[in-house]
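Take a look at the structure set out below.
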Amino acid sequence: MADPGSANQVTITLPDGSERVFQDSVTGAALAADIGPGLAKAALAVRVDGEIRDLARLIESDADVSIITIKDEDALELIRHDAAHVLAEAVQELFPGTQITFGPATDDGFYYDFHRAEAFSSDDFEAIEKRMEEIVSRDEQIIREVWSRDKVRAYFEKEGETFKAEWVGELPEGENITMYRQGNWVDLCRGPHLSSTGKLPKAFKLMKLAGAYWRGDAANDQLQRIYGTAWRNEKELKAHLTMIEEAEKRDHRRIGREMDLFHIQEAAVGSVFWHPKGWTLYRACEDYMRTRLDGAGYTEVKTPQLVDRSLWERSGHWEKFRENMFVAEVDEGGLEINDHDASETQNNRMLALKPMNCPCHVQIFRNSGMKSYRDLPLRMAEFGSCHRYEPSGALHGIMRVRAFTQDDAHIFCSEDQIVDETKSFCELLSSVYRDFGFEEVAVKFSDRPEVRAGDDATWDRAEAALMEATKAAGLDFTLNPGEGAFYGPKLEFVLRDAIGRDWQCGTLQVDFVLPERLDASYIDESGEKVRPVMLHRAILGSFERFIGILIENYAGRFPLWLAPTQMVVATITSDANDYAKVVEAACRAAGLRVEVDLRNEKINYKVREHSHAHVPAILVVGRREAEEGTVAVRRLGSKEQEVLALGDAVGKLSTEAESPAAKQTV
């Protein structure tokens with residue numbers, strides 16, 4: 001420890017509030033060693049005033065510092081970033097002449113893009129992984145160096161790394177660049193990194209190959225991308241690989257085909273063709289949500305699909321989302337247009353398919369009579385059909401589409417109503433997720449993005465209001481810096497499915513900007529015109545994506561209230577055909593979704609086929625059941641059956657099939 005009176009001393013404040021004083025600048029490694037030998041051995045990096053740094057970098061001024069070890073979540077990104085570098089080193093050792101480009105960490109691993117005349121094969125993975133393990137065993141020191149731009153460019157040109165040289169050549173003259181050296185291998189990188197390759201756990205695996213283009217431009221050279229996954233230990237790696245295997249079994253596209261729910265084709269890229277059973281599932285979700293919204297005091301509206309660009313310009317969406325909008329230019333042929341957006345004769349108008357509903361909801365607020373403070377809060381909901389241009393490569397089944405329906409709503413309220421409305425919404429959202437089978441929900445608080453509408457004072461008010469409301473709602477949350485909407489801060493609700501995957505679905509956003517831009521107002525208690533606050537909120541997010549999540553969460557084995565076909569009446573012999581129709585009629589009369597199978601097939605074949613289609617209940621009837629007025633109820637996944645009187649069976653199944661919305665009071 002240094003003399004506290006030293007003139008050049010550096011004071012380090014640790015997470016527990018304690019302080020350590022050093023006579024001069026100190027590295028993260030030295031700080032960890034000063035705290036204790038165990039921590040020095042476990043240290044991977046340091047966080048200095050929020051910035052993660054290499055252990056070897058100097059801390060030159062007073063700072064809040066924490067030591068990152070393998071137990072910290074931050075360790076995963078470090079591990080994955082280092083794994084990408086070790087992959088690149090291994091590939092260049094095994095395949096001389098291969099050029100490197102870039103390789104970042106991802107949410108569950110890493111990748112690296114290479115340029116090579118010959119194609120890689122997944123058969124190469126075993127050799128590459130083995131060499132990666134050898135590099136880890138070498139325990140090569142990872143050293144951060146700062147070079148001039150010209151030195152970096154000259155180095156890459158000498159090494160034949162034309163892609164890296166091109167990239168560096170476009171950086172400003174005189175700029176210094178960080179380079180990382182491990183053994184004889186050097187790459188351009190911002191860092192941070194582990195102190196040596198030996199710190200990288202051998203819990204990694206190469207997963208797949210894909211094509212990519214240099215700098216994402218199809219006009220440029222094609223690259224080969226190798227994906228991998230990396231974890232803190234073998235247990236985590238094995239769990240991840242098991243989850244991937246299970247996720248493949250649950251793929252909503254495969255189950256959608258098996259259950260005949262939907263399809264997607266080139267005739268309408270990014271749009272869903274809902275088949276009868278799929279649309280039944282969709283309507284079950286929609287009916288449930290409508291009932292819950294009615295009970296929570298929302299009024300439902302419907303707004304146009306095509307809206308003039310002038311509205312999107314005023315709202316700010318044209319500047320922000322134009323590249324994701326589908327537009328149409330129409331010739332009005334001299335038609336006189338009288339509305340708030342245009343009052344003169346126009347020959348051409350630019351219209352856009354709405355990518356979101358919020359500006360349209362403000363129009364209803366403005367055009368349905370002047371509002372008083374007594375009218376607030378006004379909760380306006382819409383199952384709004386929206387369109388956004390997503391690149392074809394980003395589309396994924398019904399999870400990511402171009403045409404989708406949001407369970408959207410906007411709450412117009414006064415500033416002092418934000419807390420109560422947030423609490424009510426969070427209670428509703430949690431209840432809805434539980435009804436759909438999701439118990440674990442994480443919350444992220446996303447504050448102002450770098451590019452945004454509104455001044456700092458407005459954002460200060462909005463963020464303070466949402467933070468107060470979040471705490472009042474009793475929510476545990478993590479900060480998600482810079483990820484707010486362009487018009488306001490937001491809460492993101494992330495649910496966890498049956499195999500441990502996280503899905504961001506619901507949102508709540510506090511908006512002071514849009515009411516100002518679109519001139520929404522109400523009369524307050526003093527008779528003055530004031531702007532309402534606008535709370536943008538969704539629970540499911542979009543029906544298409546949420547249904548995809550449901551399919552994978554349940555692996556197609558839906559609870560009875562959601563199942564497209566809730567039960568099948570299957571005959572053992574043709575003698576029971578007439579009785580099967582009686583059973584079918586009784587089920588339909590009770591509001592159950594039922595089919596009847598009178599085919600001349602063995603009952604085991606029928607049961608197996610309907611089980612494969614994930615029908616929750618099969619009502620088996622034969623001569624005995626017809627004579628006794630009973631049914632044998634066989635549940636999906638069970639070899640046992642329960643024999644019940646027809647009336648008892650229908651009553652029991654009807655109760656079980658009742659929508660949870662009917663049982664809720666909000």
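Going through the structure tokens in order, the chains are called A, B, and so on, while each chain numbers its residues from 1 and the ligands are numbered from 1 in the order shown.
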
>> I want to know what sits within 6 Å of A:Leu351, based on only C-alpha atoms, with residues of the same chain fewer than 2 positions away left out; could you give that as a ChimeraX atom specification?
In response: /A:306-309,327-328

Would you output that residue set with N, CA and C atoms, as a JSON list (two decimals), in the first residue's frame?
```json
[["chain", "number", "residue", "atom", "x", "y", "z"],
["A", 306, "LEU", "N", -52.87, 2.05, -44.98],
["A", 306, "LEU", "CA", -52.10, 3.01, -45.78],
["A", 306, "LEU", "C", -52.28, 4.41, -45.22],
["A", 307, "VAL", "N", -51.15, 5.06, -44.93],
["A", 307, "VAL", "CA", -51.19, 6.39, -44.33],
["A", 307, "VAL", "C", -50.20, 7.29, -45.07],
["A", 308, "ASP", "N", -50.63, 8.53, -45.34],
["A", 308, "ASP", "CA", -49.79, 9.47, -46.08],
["A", 308, "ASP", "C", -48.46, 9.73, -45.35],
["A", 309, "ARG", "N", -47.41, 9.90, -46.14],
["A", 309, "ARG", "CA", -46.08, 10.10, -45.57],
["A", 309, "ARG", "C", -46.00, 11.31, -44.67],
["A", 327, "VAL", "N", -43.78, 1.41, -49.33],
["A", 327, "VAL", "CA", -44.44, 2.64, -49.77],
["A", 327, "VAL", "C", -45.11, 2.44, -51.12],
["A", 328, "ALA", "N", -46.08, 3.30, -51.38],
["A", 328, "ALA", "CA", -46.78, 3.28, -52.67],
["A", 328, "ALA", "C", -47.08, 4.71, -53.08]]
```

In stretch 161-335 of chain A, DSSP strand (DSSP E or B) residues written as a PDB file with N, CA and C atoms, in the first residue's frame:
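Output saved as selection03.pdb:
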```pdb
ATOM      1  N   ASN A 176      -4.019   6.222 -33.858  1.00  0.00           N
ATOM      2  CA  ASN A 176      -3.367   5.070 -33.246  1.00  0.00           C
ATOM      3  C   ASN A 176      -4.345   3.913 -33.159  1.00  0.00           C
ATOM      4  N   ILE A 177      -3.832   2.707 -33.322  1.00  0.00           N
ATOM      5  CA  ILE A 177      -4.676   1.516 -33.401  1.00  0.00           C
ATOM      6  C   ILE A 177      -4.166   0.476 -32.412  1.00  0.00           C
ATOM      7  N   THR A 178      -5.092  -0.168 -31.698  1.00  0.00           N
ATOM      8  CA  THR A 178      -4.684  -1.226 -30.774  1.00  0.00           C
ATOM      9  C   THR A 178      -4.556  -2.543 -31.527  1.00  0.00           C
ATOM     10  N   MET A 179      -3.453  -3.231 -31.278  1.00  0.00           N
ATOM     11  CA  MET A 179      -3.172  -4.547 -31.855  1.00  0.00           C
ATOM     12  C   MET A 179      -2.976  -5.525 -30.695  1.00  0.00           C
ATOM     13  N   TYR A 180      -3.425  -6.746 -30.898  1.00  0.00           N
ATOM     14  CA  TYR A 180      -3.249  -7.770 -29.865  1.00  0.00           C
ATOM     15  C   TYR A 180      -2.393  -8.899 -30.421  1.00  0.00           C
ATOM     16  N   ARG A 181      -1.357  -9.237 -29.652  1.00  0.00           N
ATOM     17  CA  ARG A 181      -0.415 -10.274 -30.047  1.00  0.00           C
ATOM     18  C   ARG A 181      -0.573 -11.468 -29.110  1.00  0.00           C
ATOM     19  N   GLN A 182      -0.720 -12.658 -29.692  1.00  0.00           N
ATOM     20  CA  GLN A 182      -0.686 -13.887 -28.903  1.00  0.00           C
ATOM     21  C   GLN A 182       0.260 -14.848 -29.624  1.00  0.00           C
ATOM     22  N   TRP A 185       1.044 -14.624 -33.532  1.00  0.00           N
ATOM     23  CA  TRP A 185      -0.150 -14.195 -34.275  1.00  0.00           C
ATOM     24  C   TRP A 185      -0.577 -12.817 -33.773  1.00  0.00           C
ATOM     25  N   VAL A 186      -0.876 -11.923 -34.706  1.00  0.00           N
ATOM     26  CA  VAL A 186      -1.241 -10.547 -34.350  1.00  0.00           C
ATOM     27  C   VAL A 186      -2.511 -10.155 -35.102  1.00  0.00           C
ATOM     28  N   ASP A 187      -3.405  -9.442 -34.400  1.00  0.00           N
ATOM     29  CA  ASP A 187      -4.616  -8.959 -35.059  1.00  0.00           C
ATOM     30  C   ASP A 187      -4.988  -7.591 -34.517  1.00  0.00           C
ATOM     31  N   LEU A 188      -5.656  -6.829 -35.353  1.00  0.00           N
ATOM     32  CA  LEU A 188      -6.221  -5.524 -34.994  1.00  0.00           C
ATOM     33  C   LEU A 188      -7.462  -5.776 -34.137  1.00  0.00           C
ATOM     34  N   SER A 196      -3.797 -14.293 -21.153  1.00  0.00           N
ATOM     35  CA  SER A 196      -3.096 -15.310 -21.942  1.00  0.00           C
ATOM     36  C   SER A 196      -4.111 -16.305 -22.473  1.00  0.00           C
ATOM     37  N   PHE A 204     -15.326 -25.041 -25.606  1.00  0.00           N
ATOM     38  CA  PHE A 204     -15.797 -24.436 -26.847  1.00  0.00           C
ATOM     39  C   PHE A 204     -16.024 -25.528 -27.885  1.00  0.00           C
ATOM     40  N   LYS A 205     -16.829 -25.185 -28.886  1.00  0.00           N
ATOM     41  CA  LYS A 205     -17.132 -26.134 -29.953  1.00  0.00           C
ATOM     42  C   LYS A 205     -17.508 -25.351 -31.203  1.00  0.00           C
ATOM     43  N   LEU A 206     -16.988 -25.798 -32.349  1.00  0.00           N
ATOM     44  CA  LEU A 206     -17.369 -25.186 -33.619  1.00  0.00           C
ATOM     45  C   LEU A 206     -18.699 -25.773 -34.056  1.00  0.00           C
ATOM     46  N   MET A 207     -19.589 -24.905 -34.565  1.00  0.00           N
ATOM     47  CA  MET A 207     -20.977 -25.305 -34.762  1.00  0.00           C
ATOM     48  C   MET A 207     -21.394 -25.417 -36.225  1.00  0.00           C
ATOM     49  N   LYS A 208     -21.038 -24.418 -37.031  1.00  0.00           N
ATOM     50  CA  LYS A 208     -21.545 -24.439 -38.408  1.00  0.00           C
ATOM     51  C   LYS A 208     -20.743 -23.492 -39.288  1.00  0.00           C
ATOM     52  N   LEU A 209     -20.954 -23.657 -40.590  1.00  0.00           N
ATOM     53  CA  LEU A 209     -20.365 -22.792 -41.614  1.00  0.00           C
ATOM     54  C   LEU A 209     -21.455 -21.969 -42.271  1.00  0.00           C
ATOM     55  N   ALA A 210     -21.088 -20.781 -42.703  1.00  0.00           N
ATOM     56  CA  ALA A 210     -22.041 -19.950 -43.446  1.00  0.00           C
ATOM     57  C   ALA A 210     -21.255 -19.039 -44.374  1.00  0.00           C
ATOM     58  N   GLY A 211     -21.943 -18.506 -45.364  1.00  0.00           N
ATOM     59  CA  GLY A 211     -21.335 -17.532 -46.263  1.00  0.00           C
ATOM     60  C   GLY A 211     -21.540 -16.122 -45.741  1.00  0.00           C
ATOM     61  N   ALA A 212     -20.673 -15.233 -46.111  1.00  0.00           N
ATOM     62  CA  ALA A 212     -20.799 -13.819 -45.754  1.00  0.00           C
ATOM     63  C   ALA A 212     -20.092 -13.022 -46.837  1.00  0.00           C
ATOM     64  N   TYR A 213     -20.374 -11.735 -46.879  1.00  0.00           N
ATOM     65  CA  TYR A 213     -19.695 -10.857 -47.833  1.00  0.00           C
ATOM     66  C   TYR A 213     -18.840  -9.852 -47.072  1.00  0.00           C
ATOM     67  N   GLN A 222     -16.730 -12.874 -51.439  1.00  0.00           N
ATOM     68  CA  GLN A 222     -17.452 -13.739 -50.511  1.00  0.00           C
ATOM     69  C   GLN A 222     -16.466 -14.324 -49.512  1.00  0.00           C
ATOM     70  N   LEU A 223     -16.895 -14.372 -48.268  1.00  0.00           N
ATOM     71  CA  LEU A 223     -16.086 -14.895 -47.176  1.00  0.00           C
ATOM     72  C   LEU A 223     -16.719 -16.176 -46.643  1.00  0.00           C
ATOM     73  N   GLN A 224     -15.946 -16.896 -45.845  1.00  0.00           N
ATOM     74  CA  GLN A 224     -16.468 -18.091 -45.188  1.00  0.00           C
ATOM     75  C   GLN A 224     -16.501 -17.832 -43.687  1.00  0.00           C
ATOM     76  N   ARG A 225     -17.660 -17.990 -43.099  1.00  0.00           N
ATOM     77  CA  ARG A 225     -17.843 -17.707 -41.675  1.00  0.00           C
ATOM     78  C   ARG A 225     -17.918 -19.018 -40.901  1.00  0.00           C
ATOM     79  N   ILE A 226     -17.080 -19.136 -39.897  1.00  0.00           N
ATOM     80  CA  ILE A 226     -17.119 -20.291 -39.001  1.00  0.00           C
ATOM     81  C   ILE A 226     -17.705 -19.833 -37.673  1.00  0.00           C
ATOM     82  N   TYR A 227     -18.804 -20.470 -37.271  1.00  0.00           N
ATOM     83  CA  TYR A 227     -19.457 -20.166 -35.997  1.00  0.00           C
ATOM     84  C   TYR A 227     -19.011 -21.153 -34.927  1.00  0.00           C
ATOM     85  N   GLY A 228     -18.886 -20.648 -33.713  1.00  0.00           N
ATOM     86  CA  GLY A 228     -18.601 -21.518 -32.584  1.00  0.00           C
ATOM     87  C   GLY A 228     -19.356 -21.071 -31.357  1.00  0.00           C
ATOM     88  N   THR A 229     -19.334 -21.882 -30.335  1.00  0.00           N
ATOM     89  CA  THR A 229     -19.922 -21.506 -29.057  1.00  0.00           C
ATOM     90  C   THR A 229     -18.863 -21.715 -27.988  1.00  0.00           C
ATOM     91  N   ALA A 230     -18.870 -20.885 -26.951  1.00  0.00           N
ATOM     92  CA  ALA A 230     -17.861 -20.971 -25.891  1.00  0.00           C
ATOM     93  C   ALA A 230     -18.512 -20.642 -24.553  1.00  0.00           C
ATOM     94  N   PHE A 262     -49.693 -23.681 -40.578  1.00  0.00           N
ATOM     95  CA  PHE A 262     -49.412 -22.544 -41.452  1.00  0.00           C
ATOM     96  C   PHE A 262     -48.374 -22.953 -42.476  1.00  0.00           C
ATOM     97  N   HIS A 263     -48.185 -22.083 -43.446  1.00  0.00           N
ATOM     98  CA  HIS A 263     -47.017 -22.206 -44.316  1.00  0.00           C
ATOM     99  C   HIS A 263     -46.617 -20.823 -44.804  1.00  0.00           C
ATOM    100  N   PHE A 273     -49.348 -17.748 -44.288  1.00  0.00           N
ATOM    101  CA  PHE A 273     -50.600 -18.358 -44.733  1.00  0.00           C
ATOM    102  C   PHE A 273     -51.095 -19.234 -43.581  1.00  0.00           C
ATOM    103  N   TRP A 274     -52.109 -18.747 -42.883  1.00  0.00           N
ATOM    104  CA  TRP A 274     -52.645 -19.505 -41.751  1.00  0.00           C
ATOM    105  C   TRP A 274     -53.629 -20.553 -42.254  1.00  0.00           C
ATOM    106  N   THR A 299     -60.312   0.383 -24.616  1.00  0.00           N
ATOM    107  CA  THR A 299     -61.273   0.455 -25.707  1.00  0.00           C
ATOM    108  C   THR A 299     -60.535   0.085 -26.990  1.00  0.00           C
ATOM    109  N   GLU A 300     -61.168  -0.728 -27.819  1.00  0.00           N
ATOM    110  CA  GLU A 300     -60.515  -1.219 -29.028  1.00  0.00           C
ATOM    111  C   GLU A 300     -60.855  -0.335 -30.222  1.00  0.00           C
ATOM    112  N   LEU A 306     -52.867   2.055 -44.981  1.00  0.00           N
ATOM    113  CA  LEU A 306     -52.095   3.009 -45.780  1.00  0.00           C
ATOM    114  C   LEU A 306     -52.279   4.412 -45.219  1.00  0.00           C
ATOM    115  N   VAL A 307     -51.150   5.064 -44.930  1.00  0.00           N
ATOM    116  CA  VAL A 307     -51.191   6.395 -44.335  1.00  0.00           C
ATOM    117  C   VAL A 307     -50.200   7.294 -45.065  1.00  0.00           C
ATOM    118  N   ASP A 308     -50.625   8.534 -45.343  1.00  0.00           N
ATOM    119  CA  ASP A 308     -49.786   9.475 -46.080  1.00  0.00           C
ATOM    120  C   ASP A 308     -48.461   9.728 -45.354  1.00  0.00           C
ATOM    121  N   VAL A 327     -43.784   1.415 -49.331  1.00  0.00           N
ATOM    122  CA  VAL A 327     -44.443   2.640 -49.766  1.00  0.00           C
ATOM    123  C   VAL A 327     -45.110   2.443 -51.121  1.00  0.00           C
ATOM    124  N   ALA A 328     -46.083   3.299 -51.384  1.00  0.00           N
ATOM    125  CA  ALA A 328     -46.784   3.279 -52.671  1.00  0.00           C
ATOM    126  C   ALA A 328     -47.080   4.711 -53.075  1.00  0.00           C
ATOM    127  N   GLU A 329     -46.744   5.057 -54.310  1.00  0.00           N
ATOM    128  CA  GLU A 329     -47.069   6.380 -54.833  1.00  0.00           C
ATOM    129  C   GLU A 329     -48.322   6.247 -55.689  1.00  0.00           C
ATOM    130  N   VAL A 330     -49.319   7.048 -55.396  1.00  0.00           N
ATOM    131  CA  VAL A 330     -50.591   6.949 -56.110  1.00  0.00           C
ATOM    132  C   VAL A 330     -50.907   8.272 -56.804  1.00  0.00           C
ATOM    133  N   ASP A 331     -51.551   8.168 -57.939  1.00  0.00           N
ATOM    134  CA  ASP A 331     -51.997   9.340 -58.691  1.00  0.00           C
ATOM    135  C   ASP A 331     -53.459   9.571 -58.356  1.00  0.00           C
TER     136      ASP A 331
END
```

> So which residues touch A:Glu89 within 12 Å, counting only C-alpha atoms, skipping near sequence neighbours fewer than 6 positions away, as an MDAnalysis selection string?
Replying inline: chainID A and resid 82:83 95:96 98:100 103 112 114 128:129 131:136 140 180:187 197

With C-alpha atoms retained, write the just-selected residues as a PDB file, in the first residue's frame.
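Result file part.pdb:
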```pdb
ATOM      1  CA  ASP A  82     -10.724 -14.706 -27.093  1.00  0.00           C
ATOM      2  CA  ALA A  83     -12.130 -17.903 -28.584  1.00  0.00           C
ATOM      3  CA  PHE A  95      -4.455 -23.515 -43.629  1.00  0.00           C
ATOM      4  CA  PRO A  96      -1.609 -21.168 -44.687  1.00  0.00           C
ATOM      5  CA  THR A  98      -6.092 -17.959 -45.421  1.00  0.00           C
ATOM      6  CA  GLN A  99      -6.847 -14.279 -44.828  1.00  0.00           C
ATOM      7  CA  ILE A 100      -8.574 -13.030 -41.698  1.00  0.00           C
ATOM      8  CA  GLY A 103     -14.651 -12.109 -35.636  1.00  0.00           C
ATOM      9  CA  TYR A 112     -14.795 -15.390 -37.592  1.00  0.00           C
ATOM     10  CA  PHE A 114     -12.117 -15.880 -43.495  1.00  0.00           C
ATOM     11  CA  ILE A 128      -9.380 -26.884 -35.936  1.00  0.00           C
ATOM     12  CA  GLU A 129     -10.771 -27.582 -32.454  1.00  0.00           C
ATOM     13  CA  ARG A 131      -5.376 -26.960 -32.708  1.00  0.00           C
ATOM     14  CA  MET A 132      -7.394 -24.427 -30.671  1.00  0.00           C
ATOM     15  CA  GLU A 133      -6.910 -26.625 -27.597  1.00  0.00           C
ATOM     16  CA  GLU A 134      -3.171 -26.772 -28.332  1.00  0.00           C
ATOM     17  CA  ILE A 135      -3.012 -22.957 -28.484  1.00  0.00           C
ATOM     18  CA  VAL A 136      -4.779 -22.775 -25.111  1.00  0.00           C
ATOM     19  CA  GLU A 140       0.514 -17.718 -25.019  1.00  0.00           C
ATOM     20  CA  TYR A 180      -3.249  -7.770 -29.865  1.00  0.00           C
ATOM     21  CA  ARG A 181      -0.415 -10.274 -30.047  1.00  0.00           C
ATOM     22  CA  GLN A 182      -0.686 -13.887 -28.903  1.00  0.00           C
ATOM     23  CA  GLY A 183       2.400 -15.921 -29.682  1.00  0.00           C
ATOM     24  CA  ASN A 184       3.411 -15.124 -33.264  1.00  0.00           C
ATOM     25  CA  TRP A 185      -0.150 -14.195 -34.275  1.00  0.00           C
ATOM     26  CA  VAL A 186      -1.241 -10.547 -34.350  1.00  0.00           C
ATOM     27  CA  ASP A 187      -4.616  -8.959 -35.059  1.00  0.00           C
ATOM     28  CA  THR A 197      -4.620 -18.057 -24.073  1.00  0.00           C
TER      29      THR A 197
END
```

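You can rank A:Ala84, A:Ala63, A:Ile70, A:Leu646 by their closest distance to A:Ala585 using only C-alpha atoms, and at the top of that list sits A:Leu646.
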
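Residue nearest A:Ile618, chosen from A:Gly384, A:Ile52, A:Val569, A:Arg593 and counting only C-alpha atoms: A:Val569.
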
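Counting only C-alpha atoms, the residue from A:Arg253, A:His612, A:Arg292, A:His85 that sits nearest to A:Asp407 is A:Arg292.
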
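Surrounding stretch 35-47 of chain A within 7 Å are Gly28, Ala29, Leu31, Glu51, Ile52, Arg53, Asp54, Leu55, Val65, Ser66, Ile67, Ile68, Thr69, Leu194 and Ser195 of chain A, with only C-alpha atoms counted and residues fewer than 4 positions along the same chain left out.
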
Using N, CA and C atoms, can you export the residues from the last selection as a short mmCIF file (atom, residue, chain, number, x, y, z; two decimals), in the first residue's frame?
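The new file again.cif reads:
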```cif
data_model
loop_
_atom_site.label_atom_id
_atom_site.label_comp_id
_atom_site.auth_asym_id
_atom_site.auth_seq_id
_atom_site.Cartn_x
_atom_site.Cartn_y
_atom_site.Cartn_z
N GLY A 28 -4.46 -3.56 -13.41
CA GLY A 28 -5.51 -4.38 -12.83
C GLY A 28 -4.96 -5.62 -12.17
N ALA A 29 -3.91 -6.21 -12.78
CA ALA A 29 -3.31 -7.41 -12.20
C ALA A 29 -2.67 -7.11 -10.85
N LEU A 31 -3.50 -4.67 -8.83
CA LEU A 31 -4.58 -4.41 -7.88
C LEU A 31 -5.14 -5.72 -7.34
N GLU A 51 -15.89 0.66 -17.62
CA GLU A 51 -15.24 0.17 -18.83
C GLU A 51 -14.43 -1.08 -18.52
N ILE A 52 -14.63 -2.15 -19.28
CA ILE A 52 -13.85 -3.37 -19.08
C ILE A 52 -12.50 -3.22 -19.76
N ARG A 53 -11.43 -3.55 -19.03
CA ARG A 53 -10.07 -3.39 -19.53
C ARG A 53 -9.26 -4.65 -19.28
N ASP A 54 -8.16 -4.78 -20.06
CA ASP A 54 -7.20 -5.85 -19.82
C ASP A 54 -6.56 -5.66 -18.44
N LEU A 55 -6.13 -6.77 -17.86
CA LEU A 55 -5.47 -6.70 -16.56
C LEU A 55 -4.16 -5.91 -16.62
N VAL A 65 -13.42 0.52 -9.28
CA VAL A 65 -12.87 -0.65 -9.98
C VAL A 65 -13.43 -1.94 -9.38
N SER A 66 -13.75 -2.88 -10.25
CA SER A 66 -14.12 -4.22 -9.81
C SER A 66 -13.31 -5.23 -10.61
N ILE A 67 -12.99 -6.35 -10.01
CA ILE A 67 -12.22 -7.40 -10.65
C ILE A 67 -13.19 -8.41 -11.25
N ILE A 68 -13.01 -8.72 -12.52
CA ILE A 68 -13.88 -9.69 -13.20
C ILE A 68 -13.22 -11.06 -13.13
N THR A 69 -14.00 -12.04 -12.64
CA THR A 69 -13.54 -13.43 -12.58
C THR A 69 -14.47 -14.29 -13.41
N LEU A 194 -8.28 -11.57 -22.41
CA LEU A 194 -7.68 -12.24 -21.27
C LEU A 194 -6.17 -12.02 -21.31
N SER A 195 -5.50 -12.34 -20.22
CA SER A 195 -4.06 -12.09 -20.16
C SER A 195 -3.24 -13.11 -20.92
#
```

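Atom pair atom CA of A:Asp72 / atom CA of A:Ile244 has a distance of 23.3 Å (rounded to one decimal).
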
> Which residue gives the smallest distance to A:Glu246 among A:Glu552, A:Glu595, A:Glu126, A:Glu625, with only C-alpha atoms counted?
Replying inline: A:Glu552

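With only C-alpha atoms as the atoms that count, the residue of A:Asp221, A:Asp139, A:Glu468, A:Asp408 with the shortest distance to A:Val301 is A:Asp408.
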
For the interface of stretch 264-353 of chain A with stretch 415-437 of chain A (cut-off 9 Å, counting only C-alpha atoms), please tabulate each contacting residue of stretch 264-353 of chain A alongside its nearest pair of atoms and their separation in Å to one decimal, rows sorted by chain and increasing number, as a Markdown table.
```
| residue | atom | partner | partner_atom | distance |
| --- | --- | --- | --- | --- |
| A:Met289 | CA | A:Val432 | CA | 8.2 |
| A:Arg292 | CA | A:Val432 | CA | 8.1 |
| A:Leu293 | CA | A:Leu428 | CA | 8.9 |
| A:Ala296 | CA | A:Leu428 | CA | 7.8 |
```

>> Just want the 10 Å neighbourhood of A:Cys285, counted on only C-alpha atoms, with same-chain residues fewer than 3 positions away dropped. Output as a PyMOL selection string.
In response: chain A and resi 279-282+288-290+436+540+543+546-547+561-562+659

Take the residues just selected and output them with N, CA and C atoms as a CSV table (one decimal), in the first residue's frame.
```
chain,number,residue,atom,x,y,z
A,279,TRP,N,-55.2,-20.9,-37.7
A,279,TRP,CA,-56.0,-19.8,-37.5
A,279,TRP,C,-56.9,-20.0,-36.2
A,280,THR,N,-57.2,-21.2,-35.9
A,280,THR,CA,-57.9,-21.5,-34.7
A,280,THR,C,-57.1,-21.1,-33.5
A,281,LEU,N,-55.8,-21.5,-33.6
A,281,LEU,CA,-54.9,-21.2,-32.5
A,281,LEU,C,-54.7,-19.7,-32.4
A,282,TYR,N,-54.6,-19.0,-33.5
A,282,TYR,CA,-54.4,-17.6,-33.5
A,282,TYR,C,-55.6,-16.9,-32.9
A,288,TYR,N,-58.5,-14.5,-26.2
A,288,TYR,CA,-58.1,-14.4,-24.8
A,288,TYR,C,-57.6,-12.9,-24.5
A,289,MET,N,-56.8,-12.4,-25.4
A,289,MET,CA,-56.3,-11.0,-25.2
A,289,MET,C,-57.4,-10.0,-25.2
A,290,ARG,N,-58.3,-10.2,-26.1
A,290,ARG,CA,-59.4,-9.2,-26.2
A,290,ARG,C,-60.2,-9.2,-24.8
A,436,PHE,N,-50.3,-18.1,-20.1
A,436,PHE,CA,-49.8,-18.8,-21.3
A,436,PHE,C,-48.7,-19.8,-20.9
A,540,LEU,N,-47.8,-9.3,-25.9
A,540,LEU,CA,-47.3,-10.4,-26.7
A,540,LEU,C,-46.2,-9.9,-27.7
A,543,PHE,N,-48.5,-11.3,-32.6
A,543,PHE,CA,-49.2,-12.6,-32.5
A,543,PHE,C,-48.4,-13.6,-33.2
A,546,PHE,N,-45.2,-14.5,-31.1
A,546,PHE,CA,-45.6,-15.1,-29.9
A,546,PHE,C,-46.2,-16.5,-30.1
A,547,ILE,N,-46.9,-16.7,-31.1
A,547,ILE,CA,-47.4,-18.1,-31.4
A,547,ILE,C,-46.3,-19.0,-31.7
A,561,TRP,N,-57.0,-25.5,-23.6
A,561,TRP,CA,-57.7,-24.3,-24.0
A,561,TRP,C,-57.0,-23.7,-25.3
A,562,LEU,N,-55.8,-24.0,-25.6
A,562,LEU,CA,-55.1,-23.4,-26.7
A,562,LEU,C,-55.1,-24.4,-27.9
A,659,SER,N,-61.0,-20.9,-21.3
A,659,SER,CA,-59.9,-20.0,-21.4
A,659,SER,C,-59.6,-19.4,-20.0
```

>> Let's see if you can do this: from backbone DSSP, list all alpha helix (DSSP H) residues in stretch 38-243 of chain A, as a ChimeraX atom specification.
In response: /A:38-42,74-94,125-138,149-158,162-169,234-243

> Skipping near chain neighbours, those fewer than 4 positions away, what residues fall within 12 Å of stretch 444-454 of chain A using only C-alpha atoms, listed as an MDAnalysis selection string?
Replying inline: chainID A and resid 314:317 319:320 458:471 475:495 504:517

>> What's around stretch 596-607 of chain A at 8 Å? Count only C-alpha atoms, leave out sequence neighbours fewer than 2 positions away in its own chain, and write the answer as an MDAnalysis selection string.
In response: chainID A and resid 568:574 577 580:581 584 594 609:611 618
